[in-house]
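To keep things clear, I will list the structure first and then write my remarks on it.
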Protein chains: 2
Amino acid sequence: MRLTLYSDYSLRVLLYLSHKEETVTITELADFYKISRNHLVKVVHNLGINGFIVTSRGKHGGIRLARPAREITVGEVVRHTEPDFDLLECFNPQTDHCVISSTCSLKGVLFEARSAFINVLDRYTLADVAAPKVQAEIRSIPIIQK
Amino acid sequence: MRLTLYSDYSLRVLLYLSHKEETVTITELADFYKISRNHLVKVVHNLGINGFIVTSRGKHGGIRLARPAREITVGEVVRHTEPDFDLLECFNPQTDHCVISSTCSLKGVLFEARSAFINVLDRYTLADVAAPKVQAEIRSIPIIQK
DNA sequence: AATAACATGCATTCAGAATGAATGTTTAGG
DNA sequence: CCTAAACATTCATTCTGAATGCATGTTATT
């Protein structure tokens with residue numbers, strides 16, 4: 001279970017913008033994070049289309065947040081950057097071929113789990129995340145790391 | 001954000017076994033679900049190694065649950081079948097290259113979301129899921145389907 | 001011994017993410 | 001009005017990992 005690098009980069013861009021008032025360029029971002037400029041170009045483009053940032057072309061162009069960091073939640077961002085949240089085949093009726101999906105209640109359980117996941121992300125804004133570090137690492141992880 | 005078919009098939013196998021008392025064969029499972037027998041072979045093997053099922057070779061061999069369905073949670077299964085739960089690059093210190101991960105509190109937020117997800121799965125057993133359908137589809141989905 | 005089952009490893013295919021590259025479009029400033 | 005600096009857009013390529021297929025081994029019953 002993973003998110004895409006695309007979502008990762010999207011969040012990093014917005015986080016960077018949450019700290020800076022002035023417009024920043026894609027090149028500045030790529031240099032700071034030491035990541036692929038090509039990939040960033042698409043990430044930024046998409047963030048613009050979805051109204052998270054304002055982009056301006058030409059000399060002295062660049063990008064900035066379209067709304068205050070306090071008004072953008074992590075959940076909202078991820079919903080726009082992940083290709084889908086189809087945990088199992090049966091989540092997408094178009095491509096589902098499972099012979100028991102009509103009577104299977106596993107789907108409901110995973111729906112509930114997915115909602116719980118997204119709900120947490122909806123409770124945090126970019127401002128929360130951009131704030132100086134308070135706590136982290138302190139949580140126990142109920143996951144087996146192989 | 002997806003789970004693997006591998007996890008999907010693992011759950012389907014265990015669900016099928018939750019209904020049947022007798023041992024069943026991989027061929028029977030593949031035929032019932034109309035899925036790749038090759039893939040199932042590995043799924044079953046892994047379920048055996050992880051103590052969810054008992055496998056027996058030879059004529060009249062097959063597989064059956066190693067423990068009562070009531071004692072196996074969905075969360076426990078998924079933990080053993082998913083390759084990892086590394087939502088972002090920074091979840092794995094071995095391969096993390098993010099320049100801000102040491103001070104970034106996004107990780108904490110995603111840790112919390114992941115825990116919320118797994119906690120739901122830990123609350124349901126195979127017996128719950130195998131029980132005759134009660135409700136499903138009724139939940140609202142706070143996800144944008146593109 | 002033969003047969004029916006799971007075990008195991010290797011090779012191959014496939015999908016989709018990630019990356020790279022080229023060209024177009026817009027805007028500011030000399 | 002021309003140039004440079006920026007984002008926009010499309011296409012091609014690489015890469016990873018999941019999914020699948022296949023061949024052979026091992027075990028157990030009859």
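Chain labels A, B, ... are given in the sequence in which chains occur in the structure tokens; within each chain residues are numbered consecutively from 1, and ligands are likewise numbered from 1 in the order shown.
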Test item, strand (DSSP E or B) assignment across range 15-124 of chain B, answer as a CSV table (one decimal) with N, CA, C and O atoms, in the first residue's frame:
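For reference, selection10.csv as written:
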chain,number,residue,atom,x,y,z
B,24,VAL,N,-10.0,-28.1,0.9
B,24,VAL,CA,-10.2,-27.8,-0.5
B,24,VAL,C,-8.9,-27.8,-1.3
B,24,VAL,O,-7.9,-27.5,-0.7
B,53,ILE,N,-3.3,-21.2,7.2
B,53,ILE,CA,-3.9,-22.5,6.8
B,53,ILE,C,-2.9,-23.6,7.0
B,53,ILE,O,-1.7,-23.4,7.2
B,54,VAL,N,-3.5,-24.8,7.0
B,54,VAL,CA,-2.7,-26.0,7.0
B,54,VAL,C,-2.8,-26.7,5.7
B,54,VAL,O,-3.9,-26.8,5.1
B,55,THR,N,-1.6,-26.9,5.1
B,55,THR,CA,-1.6,-27.6,3.8
B,55,THR,C,-1.2,-29.0,3.9
B,55,THR,O,-0.4,-29.4,4.8
B,56,SER,N,-1.7,-29.8,3.1
B,56,SER,CA,-1.3,-31.2,3.1
B,56,SER,C,-1.1,-31.7,1.6
B,56,SER,O,-2.0,-31.5,0.8
B,62,GLY,N,-4.8,-31.0,0.3
B,62,GLY,CA,-5.5,-29.8,0.1
B,62,GLY,C,-5.2,-28.8,1.3
B,62,GLY,O,-4.2,-29.0,2.0
B,63,ILE,N,-6.1,-27.8,1.4
B,63,ILE,CA,-5.8,-26.9,2.5
B,63,ILE,C,-7.1,-26.6,3.3
B,63,ILE,O,-8.2,-26.8,2.8
B,64,ARG,N,-6.9,-26.2,4.6
B,64,ARG,CA,-8.0,-25.8,5.4
B,64,ARG,C,-7.5,-24.7,6.4
B,64,ARG,O,-6.3,-24.5,6.6
B,65,LEU,N,-8.4,-24.0,7.0
B,65,LEU,CA,-8.0,-23.0,8.0
B,65,LEU,C,-7.2,-23.6,9.1
B,65,LEU,O,-7.5,-24.7,9.6
B,73,THR,N,-8.1,-12.0,12.0
B,73,THR,CA,-8.6,-10.7,11.5
B,73,THR,C,-8.1,-10.3,10.1
B,73,THR,O,-7.1,-10.8,9.7
Tell me as a PyMOL selection string which residues belonging to chain D come within 9 Å of chain A, counting only C-alpha atoms (C1' of nucleotides). chain D and resi 4-8
Kindly indicate which residue among A:Leu5, A:Arg114, A:Pro83, A:Tyr33 lies nearest to Ser101 in chain B, using only C-alpha atoms for the distances. A:Tyr33
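Each of B:Pro68, B:Gly108, B:Pro132, B:Gly48 was compared to chain A using only C-alpha atoms, and B:Gly108 turns out to be the nearest.
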Mind checking DSSP for chain A and telling me the helix (DSSP H, G or I) residues as a VMD selection string? chain A and resid 5 to 19 26 to 33 37 to 49 69 to 71 74 to 81 89 to 91 106 to 122 126 to 130
